[in-house]
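The file run20.cif contains mmCIF, C-alpha atoms:
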```cif
data_start
loop_
_atom_site.group_PDB
_atom_site.id
_atom_site.type_symbol
_atom_site.label_atom_id
_atom_site.label_comp_id
_atom_site.auth_asym_id
_atom_site.auth_seq_id
_atom_site.Cartn_x
_atom_site.Cartn_y
_atom_site.Cartn_z
ATOM 1 C CA MET L 1 36.983 -20.838 87.724
ATOM 2 C CA GLU L 2 37.052 -20.733 83.933
ATOM 3 C CA LYS L 3 33.300 -20.895 83.441
ATOM 4 C CA HIS L 4 32.860 -17.920 85.784
ATOM 5 C CA LYS L 5 34.936 -15.535 83.670
ATOM 6 C CA ALA L 6 33.217 -13.050 81.372
ATOM 7 C CA TRP L 7 34.488 -10.254 79.115
ATOM 8 C CA LEU L 8 32.214 -7.222 78.750
ATOM 9 C CA ILE L 9 32.638 -5.160 75.588
ATOM 10 C CA LEU L 10 30.863 -1.912 76.389
ATOM 11 C CA HIS L 11 30.050 0.870 73.938
ATOM 12 C CA GLY L 12 32.094 3.918 74.908
ATOM 13 C CA LYS L 13 28.974 6.063 75.358
ATOM 14 C CA GLN L 14 27.937 3.801 78.231
ATOM 15 C CA ALA L 15 31.138 4.245 80.244
ATOM 16 C CA LEU L 16 29.369 6.286 82.933
ATOM 17 C CA ASN L 17 26.187 4.220 83.028
ATOM 18 C CA ASP L 18 25.554 3.657 86.739
ATOM 19 C CA SER L 19 23.073 0.839 86.091
ATOM 20 C CA VAL L 20 25.690 -1.097 84.141
ATOM 21 C CA ARG L 21 28.288 -0.545 86.845
ATOM 22 C CA ALA L 22 25.877 -1.769 89.519
ATOM 23 C CA ALA L 23 24.964 -4.843 87.464
ATOM 24 C CA VAL L 24 28.616 -5.750 86.921
ATOM 25 C CA GLU L 25 29.396 -5.334 90.610
ATOM 26 C CA TYR L 26 26.426 -7.514 91.516
ATOM 27 C CA LYS L 27 27.563 -10.360 89.252
ATOM 28 C CA ARG L 28 31.080 -10.044 90.638
ATOM 29 C CA SER L 29 29.642 -10.476 94.123
ATOM 30 C CA GLN L 30 28.101 -13.724 92.877
ATOM 31 C CA GLY L 31 31.486 -15.098 91.882
ATOM 32 C CA TRP L 32 31.828 -13.897 88.287
ATOM 33 C CA ASP L 33 35.166 -12.431 87.194
ATOM 34 C CA ILE L 34 34.022 -9.776 84.717
ATOM 35 C CA ALA L 35 36.591 -7.801 82.741
ATOM 36 C CA VAL L 36 35.313 -4.577 81.150
ATOM 37 C CA ARG L 37 36.613 -3.057 77.912
ATOM 38 C CA LEU L 38 35.292 0.035 76.104
ATOM 39 C CA THR L 39 34.912 0.713 72.389
ATOM 40 C CA TRP L 40 36.029 4.060 71.009
ATOM 41 C CA GLU L 41 36.028 3.779 67.219
ATOM 42 C CA ASP L 42 35.181 1.459 64.340
ATOM 43 C CA GLY L 43 36.921 -1.877 64.583
ATOM 44 C CA ASP L 44 37.265 -1.872 68.365
ATOM 45 C CA ALA L 45 34.557 -4.470 68.931
ATOM 46 C CA ARG L 46 36.249 -6.962 66.597
ATOM 47 C CA ARG L 47 39.638 -6.350 68.139
ATOM 48 C CA LEU L 48 38.303 -6.780 71.656
ATOM 49 C CA VAL L 49 36.570 -10.044 70.744
ATOM 50 C CA LYS L 50 39.892 -11.404 69.502
ATOM 51 C CA GLU L 51 41.591 -10.294 72.708
ATOM 52 C CA ALA L 52 38.925 -12.021 74.789
ATOM 53 C CA LEU L 53 39.253 -15.282 72.878
ATOM 54 C CA SER L 54 43.044 -15.176 73.084
ATOM 55 C CA ALA L 55 42.761 -14.691 76.837
ATOM 56 C CA GLY L 56 40.522 -17.740 77.134
ATOM 57 C CA PHE L 57 37.222 -16.062 78.019
ATOM 58 C CA SER L 58 34.288 -18.383 77.287
ATOM 59 C CA HIS L 59 31.537 -15.778 77.859
ATOM 60 C CA ILE L 60 31.438 -12.436 76.030
ATOM 61 C CA ILE L 61 28.922 -9.736 76.947
ATOM 62 C CA ALA L 62 27.890 -7.241 74.251
ATOM 63 C CA GLY L 63 26.889 -3.965 75.911
ATOM 64 C CA GLY L 64 25.388 -1.506 73.447
ATOM 65 C CA GLY L 65 22.796 -1.067 70.711
ATOM 66 C CA ASP L 66 21.919 -3.273 67.759
ATOM 67 C CA GLY L 67 25.001 -2.152 65.808
ATOM 68 C CA THR L 68 27.332 -3.117 68.647
ATOM 69 C CA LEU L 69 25.624 -6.488 68.977
ATOM 70 C CA ARG L 70 26.039 -7.124 65.250
ATOM 71 C CA ASP L 71 29.747 -6.246 65.262
ATOM 72 C CA ILE L 72 30.444 -8.563 68.185
ATOM 73 C CA ALA L 73 28.304 -11.363 66.753
ATOM 74 C CA GLU L 74 30.163 -11.113 63.442
ATOM 75 C CA ALA L 75 33.531 -11.327 65.174
ATOM 76 C CA LEU L 76 32.447 -14.331 67.253
ATOM 77 C CA ALA L 77 31.039 -16.105 64.204
ATOM 78 C CA SER L 78 34.462 -16.002 62.575
ATOM 79 C CA ASP L 79 35.786 -18.159 65.450
ATOM 80 C CA PRO L 80 32.840 -20.518 66.004
ATOM 81 C CA GLY L 81 32.405 -22.407 69.237
ATOM 82 C CA LYS L 82 35.050 -20.571 71.231
ATOM 83 C CA ALA L 83 32.718 -18.433 73.324
ATOM 84 C CA SER L 84 29.038 -17.770 73.942
ATOM 85 C CA LEU L 85 27.361 -14.370 73.824
ATOM 86 C CA VAL L 86 25.287 -12.518 76.402
ATOM 87 C CA LEU L 87 23.352 -9.463 75.209
ATOM 88 C CA LEU L 88 23.264 -6.356 77.384
ATOM 89 C CA PRO L 89 20.868 -4.075 75.453
ATOM 90 C CA LEU L 90 21.793 -0.413 75.898
ATOM 91 C CA GLY L 91 20.733 1.165 72.605
ATOM 92 C CA THR L 92 17.725 3.222 71.573
ATOM 93 C CA ALA L 93 15.811 0.555 69.658
ATOM 94 C CA ASN L 94 17.228 -2.734 71.026
ATOM 95 C CA ASP L 95 15.121 -4.470 68.400
ATOM 96 C CA PHE L 96 16.703 -7.917 68.564
ATOM 97 C CA SER L 97 16.797 -8.000 72.352
ATOM 98 C CA ARG L 98 13.192 -6.877 72.710
ATOM 99 C CA ALA L 99 11.957 -9.526 70.275
ATOM 100 C CA ALA L 100 14.053 -12.172 72.038
ATOM 101 C CA GLY L 101 12.613 -11.308 75.446
ATOM 102 C CA ILE L 102 15.946 -10.182 76.889
ATOM 103 C CA PRO L 103 15.461 -7.854 79.890
ATOM 104 C CA LEU L 104 16.377 -4.228 79.276
ATOM 105 C CA GLU L 105 17.502 -3.644 82.862
ATOM 106 C CA PRO L 106 21.253 -4.407 83.055
ATOM 107 C CA VAL L 107 21.098 -6.347 86.311
ATOM 108 C CA GLU L 108 18.386 -8.605 84.873
ATOM 109 C CA ALA L 109 20.094 -8.996 81.500
ATOM 110 C CA LEU L 110 23.318 -10.181 83.125
ATOM 111 C CA GLU L 111 21.403 -12.926 84.928
ATOM 112 C CA LEU L 112 21.482 -14.711 81.571
ATOM 113 C CA LEU L 113 25.151 -15.450 82.287
ATOM 114 C CA ASP L 114 23.856 -18.255 84.502
ATOM 115 C CA THR L 115 21.579 -19.825 81.876
ATOM 116 C CA PRO L 116 22.543 -22.315 79.136
ATOM 117 C CA ALA L 117 23.418 -20.998 75.683
ATOM 118 C CA HIS L 118 21.456 -21.822 72.527
ATOM 119 C CA ASP L 119 22.741 -22.352 69.026
ATOM 120 C CA ILE L 120 21.174 -19.657 66.828
ATOM 121 C CA ASP L 121 21.351 -18.727 63.156
ATOM 122 C CA LEU L 122 22.851 -15.647 61.602
ATOM 123 C CA GLY L 123 22.115 -13.947 58.303
ATOM 124 C CA GLU L 124 24.830 -13.307 55.746
ATOM 125 C CA VAL L 125 25.121 -11.071 52.697
ATOM 126 C CA GLY L 126 28.263 -10.321 50.723
ATOM 127 C CA GLY L 127 30.492 -11.629 53.504
ATOM 128 C CA GLN L 128 28.751 -9.477 56.119
ATOM 129 C CA ILE L 129 26.868 -10.987 59.043
ATOM 130 C CA PHE L 130 23.621 -9.727 60.514
ATOM 131 C CA LEU L 131 22.104 -10.843 63.773
ATOM 132 C CA ASN L 132 18.724 -9.195 63.424
ATOM 133 C CA MET L 133 17.467 -7.995 60.063
ATOM 134 C CA ALA L 134 18.140 -6.446 56.693
ATOM 135 C CA THR L 135 15.508 -3.872 55.773
ATOM 136 C CA GLY L 136 14.673 -1.954 52.631
ATOM 137 C CA GLY L 137 12.347 0.824 51.617
ATOM 138 C CA PHE L 138 11.076 3.681 53.714
ATOM 139 C CA GLY L 139 11.813 2.001 57.059
ATOM 140 C CA SER L 140 15.503 2.036 56.244
ATOM 141 C CA GLN L 141 15.385 5.686 55.252
ATOM 142 C CA VAL L 142 13.675 6.561 58.528
ATOM 143 C CA THR L 143 16.336 4.705 60.515
ATOM 144 C CA ALA L 144 19.173 6.357 58.607
ATOM 145 C CA ASN L 145 17.669 9.836 58.958
ATOM 146 C CA THR L 146 16.879 9.698 62.683
ATOM 147 C CA SER L 147 19.336 11.918 64.516
ATOM 148 C CA GLU L 148 21.256 10.840 67.598
ATOM 149 C CA ASP L 149 20.005 13.905 69.493
ATOM 150 C CA LEU L 150 16.390 13.012 68.741
ATOM 151 C CA LYS L 151 16.965 9.435 69.894
ATOM 152 C CA LYS L 152 18.372 10.730 73.188
ATOM 153 C CA VAL L 153 15.245 12.807 73.790
ATOM 154 C CA LEU L 154 12.509 10.509 72.493
ATOM 155 C CA GLY L 155 14.059 7.041 72.633
ATOM 156 C CA GLY L 156 12.449 4.543 70.253
ATOM 157 C CA ALA L 157 9.647 6.997 69.439
ATOM 158 C CA ALA L 158 12.228 9.057 67.533
ATOM 159 C CA TYR L 159 11.949 6.686 64.569
ATOM 160 C CA LEU L 160 8.181 7.167 64.372
ATOM 161 C CA PHE L 161 8.539 10.944 64.769
ATOM 162 C CA THR L 162 11.081 11.089 61.942
ATOM 163 C CA GLY L 163 8.867 9.009 59.686
ATOM 164 C CA LEU L 164 5.807 11.153 60.319
ATOM 165 C CA SER L 165 7.734 14.351 59.657
ATOM 166 C CA ARG L 166 9.298 13.085 56.422
ATOM 167 C CA PHE L 167 6.588 10.939 54.860
ATOM 168 C CA SER L 168 6.096 13.305 51.922
ATOM 169 C CA GLU L 169 9.727 12.699 50.873
ATOM 170 C CA LEU L 170 9.387 8.928 50.831
ATOM 171 C CA HIS L 171 8.493 6.877 47.805
ATOM 172 C CA ALA L 172 8.126 3.329 46.551
ATOM 173 C CA ALA L 173 10.995 1.594 44.783
ATOM 174 C CA TYR L 174 11.274 -1.394 42.486
ATOM 175 C CA GLY L 175 12.654 -4.696 43.710
ATOM 176 C CA GLU L 176 12.840 -8.302 42.504
ATOM 177 C CA LEU L 177 13.291 -11.213 44.918
ATOM 178 C CA GLN L 178 13.941 -14.838 44.067
ATOM 179 C CA GLY L 179 14.657 -17.931 46.156
ATOM 180 C CA PRO L 180 13.865 -21.658 46.206
ATOM 181 C CA GLY L 181 10.312 -21.937 44.861
ATOM 182 C CA PHE L 182 9.684 -18.209 45.243
ATOM 183 C CA HIS L 183 9.682 -15.172 42.958
ATOM 184 C CA TRP L 184 8.269 -11.695 43.451
ATOM 185 C CA SER L 185 8.842 -8.394 41.655
ATOM 186 C CA GLY L 186 7.235 -4.983 41.796
ATOM 187 C CA GLU L 187 7.092 -1.658 43.592
ATOM 188 C CA LEU L 188 7.495 -1.932 47.333
ATOM 189 C CA LEU L 189 7.274 0.314 50.366
ATOM 190 C CA ALA L 190 9.102 -1.876 52.855
ATOM 191 C CA LEU L 191 11.157 -5.058 52.886
ATOM 192 C CA GLY L 192 12.368 -7.180 55.778
ATOM 193 C CA ILE L 193 14.803 -10.079 55.542
ATOM 194 C CA GLY L 194 14.775 -11.284 59.087
ATOM 195 C CA ASN L 195 16.619 -13.523 61.412
ATOM 196 C CA GLY L 196 14.868 -11.480 64.121
ATOM 197 C CA ARG L 197 11.382 -10.001 64.032
ATOM 198 C CA GLN L 198 11.513 -6.214 64.277
ATOM 199 C CA ALA L 199 13.617 -3.243 63.193
ATOM 200 C CA GLY L 200 13.670 0.552 63.166
ATOM 201 C CA GLY L 201 12.585 1.005 66.760
ATOM 202 C CA GLY L 202 9.858 -1.607 67.158
ATOM 203 C CA HIS L 203 8.409 -2.050 63.659
ATOM 204 C CA VAL L 204 7.546 -5.764 63.426
ATOM 205 C CA LEU L 205 8.302 -6.859 59.877
ATOM 206 C CA CYS L 206 8.826 -10.599 60.352
ATOM 207 C CA PRO L 207 6.406 -11.590 63.134
ATOM 208 C CA GLU L 208 7.027 -15.338 62.942
ATOM 209 C CA ALA L 209 10.820 -15.333 62.601
ATOM 210 C CA GLN L 210 12.817 -17.841 64.636
ATOM 211 C CA VAL L 211 16.560 -17.843 65.173
ATOM 212 C CA ASP L 212 17.015 -21.610 65.232
ATOM 213 C CA ASP L 213 15.187 -22.793 62.092
ATOM 214 C CA GLY L 214 17.988 -22.321 59.542
ATOM 215 C CA LEU L 215 15.810 -19.972 57.486
ATOM 216 C CA LEU L 216 15.324 -16.278 56.788
ATOM 217 C CA ASP L 217 11.869 -14.737 57.002
ATOM 218 C CA ILE L 218 11.035 -12.529 54.016
ATOM 219 C CA SER L 219 8.375 -9.808 54.341
ATOM 220 C CA ILE L 220 7.458 -7.544 51.438
ATOM 221 C CA LEU L 221 5.024 -4.647 51.630
ATOM 222 C CA PRO L 222 3.898 -3.906 48.044
ATOM 223 C CA ALA L 223 3.148 -0.299 47.151
ATOM 224 C CA PRO L 224 -0.576 0.367 46.676
ATOM 225 C CA GLN L 225 -2.033 2.952 44.350
ATOM 226 C CA GLU L 226 -2.719 5.548 47.060
ATOM 227 C CA LEU L 227 0.866 5.845 48.250
ATOM 228 C CA VAL L 228 0.799 8.921 50.491
ATOM 229 C CA GLY L 229 -2.318 7.846 52.394
ATOM 230 C CA THR L 230 -0.849 4.415 52.972
ATOM 231 C CA LEU L 231 2.398 5.876 54.275
ATOM 232 C CA LYS L 232 0.478 7.983 56.821
ATOM 233 C CA THR L 233 -1.395 4.923 58.057
ATOM 234 C CA LEU L 234 1.705 2.756 58.000
ATOM 235 C CA LEU L 235 3.748 5.140 60.093
ATOM 236 C CA SER L 236 0.927 5.842 62.527
ATOM 237 C CA ASP L 237 0.207 2.156 63.090
ATOM 238 C CA GLY L 238 3.843 1.095 63.275
ATOM 239 C CA PHE L 239 3.748 -1.182 60.216
ATOM 240 C CA GLY L 240 0.227 -2.218 61.194
ATOM 241 C CA LEU L 241 -0.937 -3.222 57.689
ATOM 242 C CA ASP L 242 -0.195 -6.851 58.324
ATOM 243 C CA ASN L 243 -2.635 -8.242 55.782
ATOM 244 C CA MET L 244 -0.875 -6.412 52.934
ATOM 245 C CA PHE L 245 2.468 -8.165 53.359
ATOM 246 C CA VAL L 246 3.782 -10.898 51.095
ATOM 247 C CA ARG L 247 5.685 -13.339 53.293
ATOM 248 C CA THR L 248 7.784 -16.449 52.880
ATOM 249 C CA ARG L 249 10.580 -18.313 54.650
ATOM 250 C CA LEU L 250 13.699 -19.318 52.703
ATOM 251 C CA PRO L 251 17.269 -20.572 53.253
ATOM 252 C CA TRP L 252 18.444 -17.891 50.821
ATOM 253 C CA VAL L 253 17.051 -15.106 48.674
ATOM 254 C CA GLU L 254 18.502 -12.975 45.901
ATOM 255 C CA ILE L 255 17.321 -9.405 45.526
ATOM 256 C CA LYS L 256 17.778 -6.994 42.652
ATOM 257 C CA VAL L 257 16.950 -3.409 43.473
ATOM 258 C CA ALA L 258 16.426 -0.281 41.454
ATOM 259 C CA GLU L 259 17.841 3.110 42.294
ATOM 260 C CA GLY L 260 16.051 4.633 45.258
ATOM 261 C CA LEU L 261 15.691 1.518 47.413
ATOM 262 C CA CYS L 262 17.699 1.996 50.585
ATOM 263 C CA ILE L 263 18.959 -1.240 52.185
ATOM 264 C CA ASN L 264 19.931 -1.305 55.833
ATOM 265 C CA LEU L 265 21.789 -4.094 57.658
ATOM 266 C CA ASP L 266 21.175 -4.031 61.412
ATOM 267 C CA GLY L 267 21.243 -0.245 61.270
ATOM 268 C CA GLU L 268 24.130 0.083 58.791
ATOM 269 C CA PRO L 269 23.623 1.200 55.151
ATOM 270 C CA LEU L 270 24.212 -1.534 52.590
ATOM 271 C CA GLU L 271 25.088 -0.817 48.976
ATOM 272 C CA GLY L 272 24.507 -3.028 45.959
ATOM 273 C CA GLU L 273 21.989 -3.521 43.174
ATOM 274 C CA SER L 274 22.118 -7.312 43.298
ATOM 275 C CA LEU L 275 22.481 -9.032 46.668
ATOM 276 C CA ARG L 276 22.227 -12.599 47.927
ATOM 277 C CA PHE L 277 21.087 -13.138 51.506
ATOM 278 C CA SER L 278 21.452 -16.529 53.150
ATOM 279 C CA ALA L 279 20.940 -18.097 56.552
ATOM 280 C CA ARG L 280 23.957 -19.501 58.375
ATOM 281 C CA PRO L 281 22.454 -22.170 60.657
ATOM 282 C CA ALA L 282 23.622 -22.569 64.258
ATOM 283 C CA ALA L 283 26.417 -20.053 63.719
ATOM 284 C CA LEU L 284 26.468 -18.485 67.172
ATOM 285 C CA ARG L 285 25.886 -19.529 70.777
ATOM 286 C CA VAL L 286 23.731 -16.985 72.622
ATOM 287 C CA HIS L 287 22.267 -16.955 76.122
ATOM 288 C CA LEU L 288 18.536 -16.366 75.580
ATOM 289 C CA PRO L 289 15.616 -16.785 77.980
ATOM 290 C CA GLN L 290 14.300 -20.354 77.925
ATOM 291 C CA ASP L 291 10.895 -19.050 76.816
ATOM 292 C CA SER L 292 12.258 -16.649 74.200
ATOM 293 C CA PRO L 293 9.723 -16.099 71.378
ATOM 294 C CA LEU L 294 12.562 -16.379 68.860
ATOM 295 C CA LEU L 295 13.293 -19.994 69.779
ATOM 296 C CA GLY L 296 11.295 -22.511 67.794
ATOM 297 C CA ASN L 297 12.816 -25.456 69.613
ATOM 298 C CA PRO L 298 13.708 -23.927 72.981
ATOM 299 C CA ARG L 299 16.424 -26.262 74.150
ATOM 300 C CA PRO L 300 19.999 -25.336 75.123
ATOM 301 C CA VAL L 301 23.076 -26.557 73.330
ATOM 302 C CA SER L 302 24.519 -29.797 74.652
ATOM 303 C CA ARG L 303 27.909 -28.285 75.457
ATOM 304 C CA GLN L 304 28.652 -27.255 79.018
ATOM 305 C CA ASP L 305 28.954 -23.475 79.518
#
```
Show me the file's structure as structure tokens.
Amino acid sequence: MEKHKAWLILHGKQALNDSVRAAVEYKRSQGWDIAVRLTWEDGDARRLVKEALSAGFSHIIAGGGDGTLRDIAEALASDPGKASLVLLPLGTANDFSRAAGIPLEPVEALELLDTPAHDIDLGEVGGQIFLNMATGGFGSQVTANTSEDLKKVLGGAAYLFTGLSRFSELHAAYGELQGPGFHWSGELLALGIGNGRQAGGGHVLCPEAQVDDGLLDISILPAPQELVGTLKTLLSDGFGLDNMFVRTRLPWVEIKVAEGLCINLDGEPLEGESLRFSARPAALRVHLPQDSPLLGNPRPVSRQD
């Protein structure tokens, strides 16, 4: 029946993933009609979402890393209410899925097909959508400079390894942030503008973020005087200097950055010296665990899935 049809958009690198194949076959044995499509190049995820919606699929599964999830979420958000999203985390970091409590084993992740969907927020900047987080400062540089080969060998630890090996190249940069009732400016080491809580392979920047509050969590790590020593500690502890952060929660924030501050949007580089980030409330329907830490009011949407 209609509610038992799902469309899996799978990152091309996962085509031979036996665990994914077994999970799909298991759900098919439970009565789900799951169609599988692979991405090959930029733009495929958006195209495949449109195909799924045109074919009447009400459940779309995003199989890949954080970048794949973002691309599919962005495409779905442009046609709101037509389908709900199930996350099948298959990347190196899987930051959003880990924070949301989504199982990393494919067979367990696909069990969320049988749970109600929740209305969640998305972040937006310059017409681009982000599901998880925009980051700035050294964390973004580490993410951008971590090689695919290293990620294959070390998994999420690759980000920490890259940071430790390159800390002497990293530096503070100037930024100015302003939103309703909030203003901050100065030199910073790291910046998180979060719908989710963590980025860069497990670095928790926005520990209290919720995806259903209509707000973005802002976390700023100011640069102290002893920069190199702080970077060593920061990288070793995995952003463990929690008491140093300046934090707030806003519906929107404008940021002006100086040269040298690298901005990263769910793993993709973002250019611009003046940017406005805003929350888009209840923009996407996602199947999350009922006890997901990212849900402030953990109740499903009223629509039948």
**Study point:** Selection near L:His183, 10 Å with all atoms listed in the file, sequence-local residues under 4 positions removed, as number ranges by chain
**Key:** L: 176-179, 253-255
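Shortest separation to L:Leu221 among L:His59, L:Arg37, L:His203, L:Arg247 occurs at residue L:Arg247, atoms counted being only C-alpha atoms.
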How close does stretch 247-288 of chain L get to stretch 107-123 of chain L? List, as CSV, each residue of stretch 247-288 of chain L within 6 Å, its nearest atom pair and the distance in Å to one decimal, counting all atoms listed in the file.
```
residue,atom,partner,partner_atom,distance
L:Ser278,CA,L:Gly123,CA,5.8
L:Ala279,CA,L:Gly123,CA,4.7
L:Arg280,CA,L:Leu122,CA,5.1
L:Pro281,CA,L:Asp121,CA,4.4
L:Ala282,CA,L:Ile120,CA,4.6
L:Ala283,CA,L:Asp121,CA,5.3
L:Leu284,CA,L:Ile120,CA,5.4
L:Arg285,CA,L:Asp119,CA,4.6
L:Val286,CA,L:Ala117,CA,5.1
L:His287,CA,L:Ala117,CA,4.2
```
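Near L:Leu216, within a cut-off of 9 Å and counting all atoms listed in the file, sit the residues Leu122, Gly123, Ile193, Gly194, Asn195, Gly196, Ala209, Gln210, Val211, Thr248, Arg249, Leu250, Pro251, Trp252, Val253, Phe277, Ser278 and Ala279 of chain L, with same-chain residues fewer than 5 positions away left out.
You will find atom CA of L:Gly65 at 14.7 Å from atom CA of L:Asp44.
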Find the residues near L:Arg98: any atom within 12 Å, counting all atoms listed in the file, skip ones fewer than 3 places away on the same chain, and give them as a PDB file with C-alpha atoms, in the frame of the given file.
```
ATOM      1  CA  GLY L  65      22.796  -1.067  70.711  1.00  0.00           C
ATOM      2  CA  ASP L  66      21.919  -3.273  67.759  1.00  0.00           C
ATOM      3  CA  LEU L  87      23.352  -9.463  75.209  1.00  0.00           C
ATOM      4  CA  LEU L  88      23.264  -6.356  77.384  1.00  0.00           C
ATOM      5  CA  PRO L  89      20.868  -4.075  75.453  1.00  0.00           C
ATOM      6  CA  LEU L  90      21.793  -0.413  75.898  1.00  0.00           C
ATOM      7  CA  GLY L  91      20.733   1.165  72.605  1.00  0.00           C
ATOM      8  CA  THR L  92      17.725   3.222  71.573  1.00  0.00           C
ATOM      9  CA  ALA L  93      15.811   0.555  69.658  1.00  0.00           C
ATOM     10  CA  ASN L  94      17.228  -2.734  71.026  1.00  0.00           C
ATOM     11  CA  ASP L  95      15.121  -4.470  68.400  1.00  0.00           C
ATOM     12  CA  GLY L 101      12.613 -11.308  75.446  1.00  0.00           C
ATOM     13  CA  ILE L 102      15.946 -10.182  76.889  1.00  0.00           C
ATOM     14  CA  PRO L 103      15.461  -7.854  79.890  1.00  0.00           C
ATOM     15  CA  LEU L 104      16.377  -4.228  79.276  1.00  0.00           C
ATOM     16  CA  GLU L 105      17.502  -3.644  82.862  1.00  0.00           C
ATOM     17  CA  ALA L 109      20.094  -8.996  81.500  1.00  0.00           C
ATOM     18  CA  ASN L 132      18.724  -9.195  63.424  1.00  0.00           C
ATOM     19  CA  GLY L 156      12.449   4.543  70.253  1.00  0.00           C
ATOM     20  CA  GLY L 196      14.868 -11.480  64.121  1.00  0.00           C
ATOM     21  CA  ARG L 197      11.382 -10.001  64.032  1.00  0.00           C
ATOM     22  CA  GLN L 198      11.513  -6.214  64.277  1.00  0.00           C
ATOM     23  CA  ALA L 199      13.617  -3.243  63.193  1.00  0.00           C
ATOM     24  CA  GLY L 201      12.585   1.005  66.760  1.00  0.00           C
ATOM     25  CA  GLY L 202       9.858  -1.607  67.158  1.00  0.00           C
ATOM     26  CA  HIS L 203       8.409  -2.050  63.659  1.00  0.00           C
ATOM     27  CA  VAL L 204       7.546  -5.764  63.426  1.00  0.00           C
ATOM     28  CA  LEU L 288      18.536 -16.366  75.580  1.00  0.00           C
ATOM     29  CA  PRO L 289      15.616 -16.785  77.980  1.00  0.00           C
ATOM     30  CA  SER L 292      12.258 -16.649  74.200  1.00  0.00           C
ATOM     31  CA  PRO L 293       9.723 -16.099  71.378  1.00  0.00           C
ATOM     32  CA  LEU L 294      12.562 -16.379  68.860  1.00  0.00           C
TER      33      LEU L 294
END
```
**Study point:** Reference answer for the PyMOL selection byres ((chain L and resi 83) around 12), as a ChimeraX atom specification
**Key:** /L:2-3,5-7,49-50,52-61,72-73,75-82,84-86,117-119,283-287,303-305
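Here atom CA of L:Lys256 and atom CA of L:Gly175 stand 5.7 Å from one another.
If you measure from each of L:Val20, L:Cys206, L:Leu10, L:Leu48 to L:Gly64 using only C-alpha atoms, the closest one turns out to be L:Leu10.
Counting all atoms listed in the file, the residue from L:Gly136, L:Gly267, L:Gly126, L:Gly43 that sits nearest to L:Gly200 is L:Gly267.
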